[in-house]
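Note: the block below is upload-v9.cif and it holds mmCIF, C-alpha atoms.
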```cif
data_protein
loop_
_atom_site.group_PDB
_atom_site.id
_atom_site.type_symbol
_atom_site.label_atom_id
_atom_site.label_comp_id
_atom_site.auth_asym_id
_atom_site.auth_seq_id
_atom_site.Cartn_x
_atom_site.Cartn_y
_atom_site.Cartn_z
ATOM 1 C CA MET S 1 34.594 -8.265 1.265
ATOM 2 C CA ARG S 2 36.101 -11.740 0.849
ATOM 3 C CA GLU S 3 37.078 -13.086 -2.569
ATOM 4 C CA ILE S 4 34.125 -15.487 -2.282
ATOM 5 C CA PRO S 5 31.556 -13.616 -0.175
ATOM 6 C CA ARG S 6 30.059 -15.504 2.736
ATOM 7 C CA VAL S 7 26.318 -14.980 3.112
ATOM 8 C CA ALA S 8 23.929 -16.295 5.749
ATOM 9 C CA VAL S 9 20.169 -16.520 5.283
ATOM 10 C CA VAL S 10 17.592 -15.776 7.984
ATOM 11 C CA ILE S 11 14.067 -16.997 7.220
ATOM 12 C CA VAL S 12 11.222 -15.956 9.509
ATOM 13 C CA THR S 13 8.455 -18.549 9.838
ATOM 14 C CA TYR S 14 5.005 -18.652 11.349
ATOM 15 C CA ASN S 15 2.850 -21.594 10.284
ATOM 16 C CA SER S 16 4.804 -21.617 7.032
ATOM 17 C CA ALA S 17 4.813 -25.343 6.293
ATOM 18 C CA SER S 18 3.086 -24.932 2.937
ATOM 19 C CA VAL S 19 5.833 -22.688 1.531
ATOM 20 C CA LEU S 20 9.023 -23.247 3.546
ATOM 21 C CA GLY S 21 10.168 -26.424 1.787
ATOM 22 C CA SER S 22 10.375 -24.870 -1.655
ATOM 23 C CA CYS S 23 12.077 -21.767 -0.245
ATOM 24 C CA LEU S 24 14.810 -23.866 1.364
ATOM 25 C CA ALA S 25 15.163 -26.019 -1.751
ATOM 26 C CA SER S 26 15.808 -22.926 -3.885
ATOM 27 C CA LEU S 27 18.684 -21.634 -1.755
ATOM 28 C CA PRO S 28 21.637 -23.695 -3.084
ATOM 29 C CA ASP S 29 21.056 -22.646 -6.700
ATOM 30 C CA GLY S 30 20.204 -19.114 -5.655
ATOM 31 C CA ALA S 31 23.509 -18.868 -3.779
ATOM 32 C CA LYS S 32 25.735 -19.923 -6.692
ATOM 33 C CA GLY S 33 28.609 -17.483 -6.898
ATOM 34 C CA VAL S 34 28.711 -16.930 -3.144
ATOM 35 C CA GLU S 35 29.312 -19.162 -0.153
ATOM 36 C CA LEU S 36 26.075 -20.030 1.624
ATOM 37 C CA ALA S 37 27.535 -20.018 5.123
ATOM 38 C CA GLU S 38 24.450 -20.756 7.230
ATOM 39 C CA ILE S 39 20.671 -20.922 7.055
ATOM 40 C CA VAL S 40 18.690 -19.929 10.138
ATOM 41 C CA VAL S 41 14.957 -20.522 10.433
ATOM 42 C CA ALA S 42 13.626 -18.215 13.153
ATOM 43 C CA ASP S 43 10.233 -19.570 14.134
ATOM 44 C CA ASN S 44 7.428 -17.614 15.805
ATOM 45 C CA ALA S 45 5.865 -20.561 17.668
ATOM 46 C CA SER S 46 4.400 -22.292 14.626
ATOM 47 C CA THR S 47 1.709 -24.883 15.342
ATOM 48 C CA ASP S 48 2.122 -26.644 11.988
ATOM 49 C CA ASP S 49 5.070 -28.639 10.580
ATOM 50 C CA SER S 50 7.342 -25.674 9.837
ATOM 51 C CA LEU S 51 10.142 -26.814 12.127
ATOM 52 C CA ALA S 52 9.856 -30.420 10.968
ATOM 53 C CA ILE S 53 10.227 -29.298 7.361
ATOM 54 C CA ALA S 54 13.265 -27.227 8.313
ATOM 55 C CA ALA S 55 14.805 -30.249 10.034
ATOM 56 C CA LEU S 56 14.251 -32.484 7.000
ATOM 57 C CA ALA S 57 15.586 -29.996 4.438
ATOM 58 C CA GLU S 58 18.397 -31.112 2.150
ATOM 59 C CA VAL S 59 20.407 -28.071 3.248
ATOM 60 C CA PRO S 60 21.675 -27.692 6.836
ATOM 61 C CA VAL S 61 19.340 -25.484 8.831
ATOM 62 C CA THR S 62 19.806 -23.928 12.261
ATOM 63 C CA PRO S 63 16.421 -23.597 13.982
ATOM 64 C CA VAL S 64 15.796 -20.721 16.387
ATOM 65 C CA GLN S 65 12.570 -20.980 18.374
ATOM 66 C CA LEU S 66 11.260 -17.758 19.865
ATOM 67 C CA GLY S 67 8.761 -19.634 22.033
ATOM 68 C CA ARG S 68 5.976 -17.191 21.224
ATOM 69 C CA ASN S 69 4.496 -15.389 18.262
ATOM 70 C CA ALA S 70 6.718 -12.342 18.748
ATOM 71 C CA GLY S 71 6.596 -10.698 15.332
ATOM 72 C CA TYR S 72 8.756 -10.345 12.259
ATOM 73 C CA ALA S 73 11.345 -7.949 13.681
ATOM 74 C CA ALA S 74 11.859 -10.046 16.814
ATOM 75 C CA ALA S 75 12.434 -13.144 14.698
ATOM 76 C CA VAL S 76 14.890 -11.316 12.431
ATOM 77 C CA ASN S 77 16.809 -10.136 15.494
ATOM 78 C CA ALA S 78 16.845 -13.637 16.984
ATOM 79 C CA GLY S 79 18.024 -15.125 13.709
ATOM 80 C CA ILE S 80 20.844 -12.621 13.304
ATOM 81 C CA ALA S 81 21.847 -13.091 16.960
ATOM 82 C CA ALA S 82 22.381 -16.792 16.255
ATOM 83 C CA LEU S 83 25.002 -15.999 13.594
ATOM 84 C CA ASP S 84 28.721 -15.353 13.984
ATOM 85 C CA LEU S 85 28.874 -12.055 12.121
ATOM 86 C CA ASP S 86 32.684 -12.051 12.233
ATOM 87 C CA THR S 87 32.669 -14.872 9.667
ATOM 88 C CA LEU S 88 30.118 -13.261 7.315
ATOM 89 C CA ASP S 89 29.900 -10.503 4.721
ATOM 90 C CA ALA S 90 26.108 -10.167 4.589
ATOM 91 C CA VAL S 91 22.812 -11.597 5.848
ATOM 92 C CA TYR S 92 19.857 -12.226 3.524
ATOM 93 C CA VAL S 93 16.575 -11.746 5.399
ATOM 94 C CA LEU S 94 13.782 -13.691 3.676
ATOM 95 C CA ASN S 95 10.114 -14.466 3.955
ATOM 96 C CA PRO S 96 9.409 -18.204 3.663
ATOM 97 C CA ASP S 97 7.109 -17.595 0.688
ATOM 98 C CA CYS S 98 10.062 -16.526 -1.463
ATOM 99 C CA ARG S 99 11.794 -18.621 -4.131
ATOM 100 C CA LEU S 100 15.285 -17.816 -5.370
ATOM 101 C CA PRO S 101 16.171 -18.237 -9.058
ATOM 102 C CA PRO S 102 19.703 -19.515 -9.786
ATOM 103 C CA GLU S 103 22.569 -17.115 -9.010
ATOM 104 C CA SER S 104 20.211 -14.476 -7.642
ATOM 105 C CA ILE S 105 22.164 -13.602 -4.483
ATOM 106 C CA ALA S 106 25.472 -12.719 -6.172
ATOM 107 C CA PRO S 107 24.203 -9.505 -7.861
ATOM 108 C CA LEU S 108 22.915 -8.293 -4.494
ATOM 109 C CA VAL S 109 26.296 -8.972 -2.898
ATOM 110 C CA ARG S 110 28.055 -7.033 -5.666
ATOM 111 C CA ALA S 111 25.710 -4.110 -5.025
ATOM 112 C CA LEU S 112 26.958 -3.958 -1.438
ATOM 113 C CA ASP S 113 30.448 -3.188 -2.789
ATOM 114 C CA ARG S 114 29.190 0.243 -3.834
ATOM 115 C CA PRO S 115 30.304 3.027 -1.469
ATOM 116 C CA GLY S 116 27.732 3.663 1.242
ATOM 117 C CA VAL S 117 25.367 0.853 0.228
ATOM 118 C CA GLY S 118 24.301 -1.184 3.252
ATOM 119 C CA ILE S 119 21.144 -2.890 1.977
ATOM 120 C CA SER S 120 20.362 -4.349 -1.443
ATOM 121 C CA VAL S 121 17.022 -5.684 -2.662
ATOM 122 C CA PRO S 122 16.025 -7.770 -5.705
ATOM 123 C CA LYS S 123 13.406 -7.344 -8.368
ATOM 124 C CA MET S 124 10.322 -9.041 -6.976
ATOM 125 C CA VAL S 125 7.962 -11.014 -9.200
ATOM 126 C CA ASN S 126 4.708 -12.886 -8.666
ATOM 127 C CA PRO S 127 4.520 -16.667 -9.172
ATOM 128 C CA ASP S 128 3.302 -16.065 -12.740
ATOM 129 C CA GLY S 129 6.414 -13.991 -13.474
ATOM 130 C CA SER S 130 4.682 -10.606 -13.513
ATOM 131 C CA LEU S 131 6.188 -7.651 -11.690
ATOM 132 C CA GLN S 132 5.321 -7.309 -8.005
ATOM 133 C CA PRO S 133 5.804 -3.636 -7.057
ATOM 134 C CA SER S 134 8.120 -3.582 -4.055
ATOM 135 C CA LEU S 135 9.848 -0.184 -4.061
ATOM 136 C CA ARG S 136 8.689 2.857 -2.103
ATOM 137 C CA ARG S 137 9.255 6.589 -1.986
ATOM 138 C CA MET S 138 9.479 8.652 1.182
ATOM 139 C CA PRO S 139 6.082 8.841 2.944
ATOM 140 C CA THR S 140 4.736 12.404 3.096
ATOM 141 C CA VAL S 141 1.440 14.073 3.962
ATOM 142 C CA GLY S 142 1.101 15.157 0.333
ATOM 143 C CA ARG S 143 1.462 11.608 -0.958
ATOM 144 C CA ALA S 144 -1.011 10.413 1.664
ATOM 145 C CA VAL S 145 -3.550 12.960 0.374
ATOM 146 C CA ILE S 146 -3.137 11.800 -3.230
ATOM 147 C CA GLU S 147 -3.417 8.134 -2.223
ATOM 148 C CA ALA S 148 -6.505 8.870 -0.132
ATOM 149 C CA VAL S 149 -8.178 10.479 -3.139
ATOM 150 C CA ILE S 150 -7.224 8.185 -6.007
ATOM 151 C CA GLY S 151 -5.700 5.119 -4.308
ATOM 152 C CA GLY S 152 -2.106 4.051 -3.830
ATOM 153 C CA GLY S 153 -1.827 1.912 -6.955
ATOM 154 C CA ARG S 154 -3.075 4.655 -9.268
ATOM 155 C CA ALA S 155 -0.993 7.341 -7.543
ATOM 156 C CA GLY S 156 2.138 5.263 -8.025
ATOM 157 C CA ARG S 157 1.654 5.324 -11.797
ATOM 158 C CA ILE S 158 1.462 9.140 -12.013
ATOM 159 C CA GLY S 159 4.910 10.678 -11.829
ATOM 160 C CA ARG S 160 6.192 10.642 -8.255
ATOM 161 C CA LEU S 161 2.826 11.234 -6.586
ATOM 162 C CA GLY S 162 2.498 7.900 -4.786
ATOM 163 C CA GLU S 163 4.619 6.236 -2.115
ATOM 164 C CA LEU S 164 4.357 2.839 -3.807
ATOM 165 C CA ILE S 165 6.270 2.767 -7.111
ATOM 166 C CA THR S 166 4.057 0.923 -9.598
ATOM 167 C CA ASP S 167 5.413 2.121 -12.963
ATOM 168 C CA PRO S 168 7.185 -0.918 -14.551
ATOM 169 C CA ARG S 169 9.722 1.418 -16.156
ATOM 170 C CA GLU S 170 11.054 2.261 -12.695
ATOM 171 C CA TYR S 171 12.004 -1.404 -12.194
ATOM 172 C CA VAL S 172 14.254 -1.685 -15.238
ATOM 173 C CA LYS S 173 17.346 0.099 -13.951
ATOM 174 C CA ALA S 174 19.387 -0.322 -10.797
ATOM 175 C CA GLY S 175 19.714 2.506 -8.320
ATOM 176 C CA PRO S 176 19.128 3.784 -4.795
ATOM 177 C CA VAL S 177 15.602 3.835 -3.347
ATOM 178 C CA VAL S 178 14.186 5.047 -0.042
ATOM 179 C CA TRP S 179 12.860 1.696 1.126
ATOM 180 C CA ALA S 180 11.518 -1.594 -0.174
ATOM 181 C CA THR S 181 9.382 -4.537 0.838
ATOM 182 C CA GLY S 182 11.098 -6.439 3.641
ATOM 183 C CA ALA S 183 10.371 -9.899 2.214
ATOM 184 C CA ALA S 184 13.893 -10.048 0.749
ATOM 185 C CA MET S 185 16.694 -7.775 1.974
ATOM 186 C CA LEU S 186 20.425 -8.434 1.842
ATOM 187 C CA ILE S 187 22.166 -6.438 4.580
ATOM 188 C CA SER S 188 25.919 -6.024 4.903
ATOM 189 C CA VAL S 189 27.484 -6.970 8.221
ATOM 190 C CA PRO S 190 28.918 -3.446 8.732
ATOM 191 C CA ALA S 191 25.416 -2.019 8.262
ATOM 192 C CA ILE S 192 23.909 -4.557 10.662
ATOM 193 C CA ARG S 193 26.403 -3.542 13.314
ATOM 194 C CA ALA S 194 25.970 0.178 12.711
ATOM 195 C CA VAL S 195 22.164 0.261 12.535
ATOM 196 C CA GLY S 196 21.481 -2.226 15.317
ATOM 197 C CA PRO S 197 18.444 -4.464 15.886
ATOM 198 C CA TRP S 198 15.162 -4.181 14.014
ATOM 199 C CA ASP S 199 12.492 -2.315 15.975
ATOM 200 C CA GLU S 200 10.317 -4.968 17.621
ATOM 201 C CA SER S 201 7.591 -2.487 18.592
ATOM 202 C CA PHE S 202 6.096 -2.738 15.092
ATOM 203 C CA LEU S 203 5.334 -6.486 15.331
ATOM 204 C CA LEU S 204 4.521 -6.706 11.608
ATOM 205 C CA TYR S 205 4.730 -4.066 8.828
ATOM 206 C CA SER S 206 6.802 -0.865 8.887
ATOM 207 C CA GLU S 207 9.683 -2.600 10.630
ATOM 208 C CA GLU S 208 11.563 -2.787 7.324
ATOM 209 C CA THR S 209 10.706 0.872 6.624
ATOM 210 C CA GLU S 210 11.999 1.921 10.026
ATOM 211 C CA PHE S 211 15.198 -0.101 9.560
ATOM 212 C CA ALA S 212 15.881 1.310 6.077
ATOM 213 C CA LEU S 213 15.210 4.909 7.153
ATOM 214 C CA ARG S 214 17.336 4.513 10.286
ATOM 215 C CA ALA S 215 20.122 3.074 8.133
ATOM 216 C CA ALA S 216 19.839 6.097 5.827
ATOM 217 C CA ASP S 217 20.074 8.419 8.841
ATOM 218 C CA LEU S 218 23.451 6.810 9.523
ATOM 219 C CA GLY S 219 24.653 7.102 5.929
ATOM 220 C CA TRP S 220 23.754 3.618 4.645
ATOM 221 C CA SER S 221 21.759 3.634 1.407
ATOM 222 C CA LEU S 222 19.424 0.966 0.021
ATOM 223 C CA TRP S 223 20.141 -0.245 -3.529
ATOM 224 C CA TYR S 224 17.646 -1.823 -5.919
ATOM 225 C CA GLU S 225 19.244 -4.443 -8.169
ATOM 226 C CA PRO S 226 17.025 -5.760 -11.001
ATOM 227 C CA ALA S 227 19.721 -8.261 -12.053
ATOM 228 C CA ALA S 228 18.689 -10.178 -8.940
ATOM 229 C CA LEU S 229 15.236 -11.757 -9.050
ATOM 230 C CA ILE S 230 13.040 -13.309 -6.411
ATOM 231 C CA GLU S 231 9.605 -14.878 -6.598
ATOM 232 C CA HIS S 232 7.305 -13.817 -3.770
ATOM 233 C CA ILE S 233 3.804 -15.132 -3.114
ATOM 234 C CA GLY S 234 2.740 -12.529 -0.507
ATOM 235 C CA GLY S 235 -0.410 -10.462 -0.674
ATOM 236 C CA ASP S 236 -2.175 -11.221 2.646
ATOM 237 C CA SER S 237 -2.396 -7.582 3.705
ATOM 238 C CA GLY S 238 -4.613 -6.848 0.713
ATOM 239 C CA VAL S 239 -7.312 -9.334 1.715
ATOM 240 C CA ASN S 240 -6.928 -9.903 5.467
ATOM 241 C CA PRO S 241 -8.694 -7.055 7.340
ATOM 242 C CA THR S 242 -6.627 -7.477 10.499
ATOM 243 C CA LEU S 243 -3.315 -7.376 8.639
ATOM 244 C CA ALA S 244 -4.455 -4.419 6.522
ATOM 245 C CA ALA S 245 -5.428 -2.526 9.671
ATOM 246 C CA LEU S 246 -2.110 -3.305 11.325
ATOM 247 C CA LEU S 247 -0.265 -2.100 8.226
ATOM 248 C CA LEU S 248 -2.014 1.300 8.333
ATOM 249 C CA VAL S 249 -1.697 1.734 12.099
ATOM 250 C CA ASN S 250 2.039 1.063 11.905
ATOM 251 C CA LYS S 251 2.483 3.436 8.957
ATOM 252 C CA VAL S 252 0.918 6.217 11.011
ATOM 253 C CA LYS S 253 2.956 5.249 14.071
ATOM 254 C CA LEU S 254 6.247 5.370 12.176
ATOM 255 C CA PHE S 255 5.404 8.658 10.444
ATOM 256 C CA ARG S 256 4.515 10.312 13.772
ATOM 257 C CA ARG S 257 7.676 9.002 15.379
ATOM 258 C CA ARG S 258 9.926 10.382 12.647
ATOM 259 C CA ARG S 259 8.122 13.631 11.786
ATOM 260 C CA GLY S 260 6.690 14.724 15.124
ATOM 261 C CA PRO S 261 3.173 15.213 16.534
ATOM 262 C CA LEU S 262 1.911 17.955 14.194
ATOM 263 C CA ALA S 263 2.875 16.299 10.907
ATOM 264 C CA GLY S 264 1.919 12.966 12.436
ATOM 265 C CA ALA S 265 -1.572 14.219 13.259
ATOM 266 C CA ALA S 266 -2.041 15.516 9.702
ATOM 267 C CA TYR S 267 -0.883 12.213 8.250
ATOM 268 C CA TYR S 268 -3.217 10.284 10.546
ATOM 269 C CA LEU S 269 -6.242 12.394 9.586
ATOM 270 C CA VAL S 270 -5.539 11.989 5.881
ATOM 271 C CA VAL S 271 -5.136 8.206 6.159
ATOM 272 C CA LEU S 272 -8.279 7.980 8.292
ATOM 273 C CA ALA S 273 -10.280 10.041 5.795
ATOM 274 C CA GLY S 274 -9.194 7.904 2.871
ATOM 275 C CA GLU S 275 -10.033 4.645 4.610
ATOM 276 C CA SER S 276 -13.353 6.050 5.842
ATOM 277 C CA VAL S 277 -14.469 6.783 2.268
ATOM 278 C CA ARG S 278 -13.597 3.245 1.225
ATOM 279 C CA ALA S 279 -15.319 1.827 4.308
ATOM 280 C CA LEU S 280 -18.523 3.715 3.496
ATOM 281 C CA ALA S 281 -18.330 2.217 0.006
ATOM 282 C CA GLY S 282 -18.515 -1.224 1.629
ATOM 283 C CA ARG S 283 -14.873 -2.276 1.554
ATOM 284 C CA ARG S 284 -14.526 -4.717 4.460
ATOM 285 C CA VAL S 285 -10.754 -4.323 4.738
ATOM 286 C CA SER S 286 -11.135 -0.545 5.134
ATOM 287 C CA GLN S 287 -13.879 -0.950 7.735
ATOM 288 C CA LYS S 288 -11.476 -2.848 9.982
ATOM 289 C CA SER S 289 -8.750 -0.299 9.296
ATOM 290 C CA VAL S 290 -10.986 2.598 10.333
ATOM 291 C CA LEU S 291 -11.880 0.807 13.572
ATOM 292 C CA TRP S 292 -8.216 0.344 14.435
ATOM 293 C CA LEU S 293 -7.249 3.884 13.447
ATOM 294 C CA LEU S 294 -9.991 5.304 15.676
ATOM 295 C CA ARG S 295 -9.010 3.064 18.570
ATOM 296 C CA PRO S 296 -5.189 2.950 18.630
ATOM 297 C CA SER S 297 -5.207 0.720 21.720
ATOM 298 C CA ARG S 298 -6.793 -2.007 19.614
ATOM 299 C CA ARG S 299 -3.479 -3.507 18.549
ATOM 300 C CA LEU S 300 -2.125 -7.019 18.359
ATOM 301 C CA THR S 301 0.226 -8.407 20.960
ATOM 302 C CA ALA S 302 0.973 -11.308 18.610
ATOM 303 C CA LEU S 303 0.604 -11.967 14.946
ATOM 304 C CA PRO S 304 -2.795 -13.275 13.847
ATOM 305 C CA GLY S 305 -3.081 -16.982 13.339
#
```
Rewrite the structure from the file as structure tokens, please.
Amino acid sequence: MREIPRVAVVIVTYNSASVLGSCLASLPDGAKGVELAEIVVADNASTDDSLAIAALAEVPVTPVQLGRNAGYAAAVNAGIAALDLDTLDAVYVLNPDCRLPPESIAPLVRALDRPGVGISVPKMVNPDGSLQPSLRRMPTVGRAVIEAVIGGGRAGRIGRLGELITDPREYVKAGPVVWATGAAMLISVPAIRAVGPWDESFLLYSEETEFALRAADLGWSLWYEPAALIEHIGGDSGVNPTLAALLLVNKVKLFRRRRGPLAGAAYYLVVLAGESVRALAGRRVSQKSVLWLLRPSRRLTALPG
């Protein structure tokens, strides 16, 4: 890596005018200690002022217009394709609803100097400064059973039972993790070249899981670095029934793809059972999820507006 690492930022937007300006404004301070080589805004056919805000930003921005609402992975791929990777050490993939505290990229870059580390992720916090759980364990049928019975949040607080890591003590120390929320991921250029494009078949959700697991298959680990912070608004999948359904469908799809039809069928049935119980209890988000799980063809061809 260069004496002063060169980092590019790829921000994926879709009707992100309300949050993009503050994200872009936070980048110069967040990049202190590294060279902010380029900022790409990859836009999924926004109908608001996202591109206008990018054009008026105080930092130079390269816009990439996909021309359609193609999904998160497609926008990441388009943004990376617009960069000259030969001149870079790493690419920071960001959601537009993220804010970077000062000097928050440099610790992530230093983490990439560790042998075998190809991806580094920051400690994610809510706008009020509270911890936003962002780290995950390997998905298994057993963990799906526990989460179906007691819920993912509660399972994450009991030993290693849950896929989502919710125990605050687990966020104090740096170390390798299986995968993490894709809202903020710094990826080394060697890892980008080795792993290849993000899988565009997922549209939204599980694309970061698939990328991290595929990277691990090739020997590239993901490192959690709590010395790096990022503020993330997020949270739509918890309240938007369509997004929640898409999240579950893609989880099942990825599990089946990696583990085969038998384990995939077991995982599907467990997830379906858990959501069915919550749907019968009147949870609207789960009702939509059950509908989508029962009818796999009922999938989006574009992100919801």
Judged by only C-alpha atoms, the minimum distance to Ala82 (chain S) among S:Leu291, S:Val109, S:Val10, S:Ala37 is found for S:Val10
Straight-line distance linking CA of Glu103 (chain S) with CA of Val125 (chain S), stated in Å to one decimal
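Interatomic distance, CA of Glu103 (chain S) to CA of Val125 (chain S): 15.8 Å.
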Which residues match the PyMOL selection byres ((chain S and resi 294) around 12) in the file above, as a VMD selection string? chain S and resid 245 248 to 249 252 268 to 269 271 to 273 275 to 276 287 to 293 295 to 299
| field | Two-atom distance - CA of Ala215 (chain S), CA of Trp198 (chain S) (Å) | value |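 Going from CA of Ala215 (chain S) over to CA of Trp198 (chain S), I get 10.6 Å.
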For this session: Show which residues sit within 10 Å of Glu231 (chain S), as a ChimeraX atom specification. Count all atoms listed in the file, and ignore same-chain residues fewer than 4 positions away.
Result: /S:23,97-101,122-132,184
Store the residues picked out above in a file with C-alpha atoms, as a compact mmCIF listing (two decimals), in the coordinates of the input.
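New file again_36.txt:
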```txt
# COMPACT_ATOMS: atom_id res chain seq x y z
CA CYS S 23 12.08 -21.77 -0.24
CA ASP S 97 7.11 -17.60 0.69
CA CYS S 98 10.06 -16.53 -1.46
CA ARG S 99 11.79 -18.62 -4.13
CA LEU S 100 15.28 -17.82 -5.37
CA PRO S 101 16.17 -18.24 -9.06
CA PRO S 122 16.02 -7.77 -5.70
CA LYS S 123 13.41 -7.34 -8.37
CA MET S 124 10.32 -9.04 -6.98
CA VAL S 125 7.96 -11.01 -9.20
CA ASN S 126 4.71 -12.89 -8.67
CA PRO S 127 4.52 -16.67 -9.17
CA ASP S 128 3.30 -16.07 -12.74
CA GLY S 129 6.41 -13.99 -13.47
CA SER S 130 4.68 -10.61 -13.51
CA LEU S 131 6.19 -7.65 -11.69
CA GLN S 132 5.32 -7.31 -8.01
CA ALA S 184 13.89 -10.05 0.75
```
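You will find CA of Leu254 (chain S) at 17.6 Å from CA of Gly162 (chain S).
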Open item on the list: Neighbouring residues of Ile4 (chain S) were defined as those with any atom within 12 Å, considering only C-alpha atoms; residues of the same chain fewer than 4 positions away were excluded. Please report them as a list in words.
Closed with: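 The residues that qualify are Ala31, Lys32, Gly33, Val34, Glu35, Leu36, Ala37, Leu88, Asp89, Ala90, Ala106, Val109 and Arg110 of chain S.
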Notebook entry, point to check: Once the PyMOL selection byres ((chain S and resi 146) around 12) has been applied to the shown file, what residues remain in the selection, as number ranges by chain?
Noted result: S: 139-145, 147-164, 267, 270-271, 273-274
May I have the residues within 10 Å of Val93 (chain S) as a PDB file with C-alpha atoms, in the coordinates of the input, using all atoms listed in the file and disregarding those fewer than 5 positions away in the same chain?
```pdb
ATOM      1  CA  ALA S   8      23.929 -16.295   5.749  1.00  0.00           C
ATOM      2  CA  VAL S   9      20.169 -16.520   5.283  1.00  0.00           C
ATOM      3  CA  VAL S  10      17.592 -15.776   7.984  1.00  0.00           C
ATOM      4  CA  ILE S  11      14.067 -16.997   7.220  1.00  0.00           C
ATOM      5  CA  VAL S  12      11.222 -15.956   9.509  1.00  0.00           C
ATOM      6  CA  VAL S  40      18.690 -19.929  10.138  1.00  0.00           C
ATOM      7  CA  VAL S  76      14.890 -11.316  12.431  1.00  0.00           C
ATOM      8  CA  GLY S  79      18.024 -15.125  13.709  1.00  0.00           C
ATOM      9  CA  ILE S  80      20.844 -12.621  13.304  1.00  0.00           C
ATOM     10  CA  GLY S 182      11.098  -6.439   3.641  1.00  0.00           C
ATOM     11  CA  ALA S 183      10.371  -9.899   2.214  1.00  0.00           C
ATOM     12  CA  ALA S 184      13.893 -10.048   0.749  1.00  0.00           C
ATOM     13  CA  MET S 185      16.694  -7.775   1.974  1.00  0.00           C
ATOM     14  CA  LEU S 186      20.425  -8.434   1.842  1.00  0.00           C
ATOM     15  CA  ILE S 187      22.166  -6.438   4.580  1.00  0.00           C
TER      16      ILE S 187
END
```
- Item | Long-range neighbours of Ala212 (chain S) as a list of chain:residue names, 9 Å cut-off, only C-alpha atoms, 2 positions minimum in chain |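 Near neighbours after the sequence-gap exclusion: S:Ile119, S:Val178, S:Trp179, S:Ala180, S:Glu207, S:Glu208, S:Thr209, S:Glu210, S:Arg214, S:Ala215, S:Ala216, S:Asp217, S:Trp220, S:Ser221, S:Leu222.
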